[in-house]
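First comes the structure, then the notes that go with it.
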Amino acid sequence: MRLNDLKPAPGSKRERTRVGRGTSAGQGKTAGRGHKGQHARSGGYHKVGFEGGQMPLQRRLPHVGFASLMKTSRAELRLGALDKLDGDTVDLAALIAAGLVSPGAERVKIILAGEVGRAFTVKGPEVVPTRGARAAIEKAGGKVEVPGAKKAPVARKKKASASKKKASAKSKDGTESASGSESKD
């Protein structure tokens with residue numbers, strides 16, 4: 001087979017129908033447009049979805065959901081994906097260069113999914129870890145240098161409930177009044 005022998009498969013290419021060339025051709029006189037009416041006229045047609053003034057289908061159906069414009073500028077990164085970085089510094093430029101987030105990302109949130117293999121330093125206000133991810137990074141020996149980021153949760157003592165406070169106040173009032181009445185007698 002040579003280049004000059006190449007042909008399209010039989011039946012794949014059909015010749016264009018030449019309309020308005022006499023009755024024997026099959027598309028003579030009205031050229032397949034019928035008699036009169038909007039569709040028969042030149043330039044006479046309607047927009048896609050037009051139903052002659054009836055409320056069109058795409059307007060009769062309800063809206064479903066919405067597409068957030070913020071989606072293009074926000075990214076979510078799993079903690080285990082940080083191991084694909086070459087350096088030890090995690091910032092927006094390094095994540096884009098490594099192909100971990102899209103180039104259009106303006107903010108990245110690191111979530112606690114997977115494990116951290118080595119120590120990283122998370123920098124910049126654009127890259128923010130969740131509390132759990134921050135604790136995992138610090139446990140692996142890394143640092144989080146993000147201004148305004150929430151620190152890992154610290155165990156605190158529970159405060160006494162309001163009902164216990166009221167009960168203790170009543171018992172104190174009862175003993176004071178009893179002791180006060182004894183001293184007066």
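Scheme for the structure tokens: letters A, B, ... for chains in order shown; per-chain residue numbers from 1; ligand numbers from 1 in order shown.
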### Which of region 37-143 of chain A DSSP labels strand (DSSP E), written as a list in words
Arg74, Ala75, Glu76, Leu77, Arg78, Thr89, Val90, Arg107, Val108, Lys109, Ile110, Ile111, Thr121, Val122, Lys123, Val127, Val128, Pro129 and Lys143 of chain A
### Query
Which polymer residues have any atom within 12 Å of an atom of Gly114 (chain A), counting only C-alpha atoms, with same-chain residues fewer than 3 positions away left out, as an NGL selection string?
:A and (77-83 or 110-111 or 117 or 132-133 or 136-137)
## Note on the structure
Residue with the minimum atom-to-atom distance to Thr89 (chain A), picked from A:Glu145, A:Glu106, A:Glu76, A:Glu138 with only C-alpha atoms counted, is A:Glu145
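With only C-alpha atoms as the atoms that count, the residue of A:Gly32, A:Lys84, A:Pro129, A:Arg2 with the shortest distance to Ala113 (chain A) is A:Pro129.
The environment of Lys47 (chain A) within 12 Å, counting only C-alpha atoms and disregarding residues fewer than 5 places along the same chain, consists of Gly52, Gly53 and Pro56 of chain A.
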### Task
Could you please write out, as a VMD selection string, every residue of region 38-93 of chain A that DSSP assigns to helix (DSSP H, G or I)?
chain A and resid 38 to 40 57 to 60 69 to 73 79 to 84 92 to 93
Just N, CA and C atoms for this one: save the residues we selected as a PDB file, in the first residue's frame.
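After the write, selection_17.pdb holds the following:
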ATOM      1  N   GLN A  38     -42.653  29.645   8.141  1.00  0.00           N
ATOM      2  CA  GLN A  38     -41.411  30.277   8.590  1.00  0.00           C
ATOM      3  C   GLN A  38     -40.176  29.507   8.132  1.00  0.00           C
ATOM      4  N   HIS A  39     -40.246  28.200   8.220  1.00  0.00           N
ATOM      5  CA  HIS A  39     -39.075  27.393   7.868  1.00  0.00           C
ATOM      6  C   HIS A  39     -38.798  27.396   6.375  1.00  0.00           C
ATOM      7  N   ALA A  40     -39.809  27.703   5.572  1.00  0.00           N
ATOM      8  CA  ALA A  40     -39.627  27.731   4.122  1.00  0.00           C
ATOM      9  C   ALA A  40     -38.951  29.014   3.661  1.00  0.00           C
ATOM     10  N   LEU A  57     -38.522  24.298  27.611  1.00  0.00           N
ATOM     11  CA  LEU A  57     -38.217  23.234  28.568  1.00  0.00           C
ATOM     12  C   LEU A  57     -37.128  23.644  29.551  1.00  0.00           C
ATOM     13  N   GLN A  58     -36.076  24.295  29.064  1.00  0.00           N
ATOM     14  CA  GLN A  58     -34.965  24.643  29.958  1.00  0.00           C
ATOM     15  C   GLN A  58     -35.376  25.687  30.994  1.00  0.00           C
ATOM     16  N   ARG A  59     -36.494  26.380  30.773  1.00  0.00           N
ATOM     17  CA  ARG A  59     -36.988  27.335  31.769  1.00  0.00           C
ATOM     18  C   ARG A  59     -38.085  26.732  32.637  1.00  0.00           C
ATOM     19  N   ARG A  60     -38.690  25.646  32.180  1.00  0.00           N
ATOM     20  CA  ARG A  60     -39.722  24.985  32.984  1.00  0.00           C
ATOM     21  C   ARG A  60     -39.114  24.129  34.094  1.00  0.00           C
ATOM     22  N   LEU A  69     -17.636  29.936  42.349  1.00  0.00           N
ATOM     23  CA  LEU A  69     -16.502  30.570  41.671  1.00  0.00           C
ATOM     24  C   LEU A  69     -15.245  30.476  42.529  1.00  0.00           C
ATOM     25  N   MET A  70     -15.425  30.237  43.836  1.00  0.00           N
ATOM     26  CA  MET A  70     -14.274  30.114  44.738  1.00  0.00           C
ATOM     27  C   MET A  70     -13.523  28.806  44.495  1.00  0.00           C
ATOM     28  N   LYS A  71     -14.198  27.839  43.883  1.00  0.00           N
ATOM     29  CA  LYS A  71     -13.620  26.507  43.712  1.00  0.00           C
ATOM     30  C   LYS A  71     -12.303  26.556  42.940  1.00  0.00           C
ATOM     31  N   THR A  72     -12.196  27.471  41.972  1.00  0.00           N
ATOM     32  CA  THR A  72     -10.990  27.550  41.148  1.00  0.00           C
ATOM     33  C   THR A  72      -9.790  28.071  41.934  1.00  0.00           C
ATOM     34  N   SER A  73     -10.049  28.892  42.957  1.00  0.00           N
ATOM     35  CA  SER A  73      -8.938  29.504  43.684  1.00  0.00           C
ATOM     36  C   SER A  73      -8.619  28.820  45.009  1.00  0.00           C
ATOM     37  N   LEU A  79      -2.319  15.350  53.907  1.00  0.00           N
ATOM     38  CA  LEU A  79      -1.053  15.420  54.642  1.00  0.00           C
ATOM     39  C   LEU A  79      -0.005  14.481  54.043  1.00  0.00           C
ATOM     40  N   GLY A  80      -0.436  13.306  53.600  1.00  0.00           N
ATOM     41  CA  GLY A  80       0.496  12.335  53.025  1.00  0.00           C
ATOM     42  C   GLY A  80       1.130  12.803  51.721  1.00  0.00           C
ATOM     43  N   ALA A  81       0.487  13.745  51.026  1.00  0.00           N
ATOM     44  CA  ALA A  81       1.013  14.236  49.742  1.00  0.00           C
ATOM     45  C   ALA A  81       2.234  15.134  49.923  1.00  0.00           C
ATOM     46  N   LEU A  82       2.481  15.605  51.145  1.00  0.00           N
ATOM     47  CA  LEU A  82       3.632  16.485  51.381  1.00  0.00           C
ATOM     48  C   LEU A  82       4.958  15.768  51.136  1.00  0.00           C
ATOM     49  N   ASP A  83       4.970  14.431  51.224  1.00  0.00           N
ATOM     50  CA  ASP A  83       6.205  13.676  50.996  1.00  0.00           C
ATOM     51  C   ASP A  83       6.705  13.802  49.562  1.00  0.00           C
ATOM     52  N   LYS A  84       5.839  14.235  48.635  1.00  0.00           N
ATOM     53  CA  LYS A  84       6.244  14.394  47.236  1.00  0.00           C
ATOM     54  C   LYS A  84       7.034  15.678  46.999  1.00  0.00           C
ATOM     55  N   LEU A  92       2.939  28.140  49.011  1.00  0.00           N
ATOM     56  CA  LEU A  92       2.104  28.041  47.806  1.00  0.00           C
ATOM     57  C   LEU A  92       2.938  27.814  46.555  1.00  0.00           C
ATOM     58  N   ALA A  93       4.050  28.521  46.428  1.00  0.00           N
ATOM     59  CA  ALA A  93       4.910  28.384  45.237  1.00  0.00           C
ATOM     60  C   ALA A  93       5.480  26.972  45.124  1.00  0.00           C
TER      61      ALA A  93
END
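You will find CA of Val122 (chain A) at 9.1 Å from CA of Arg134 (chain A).
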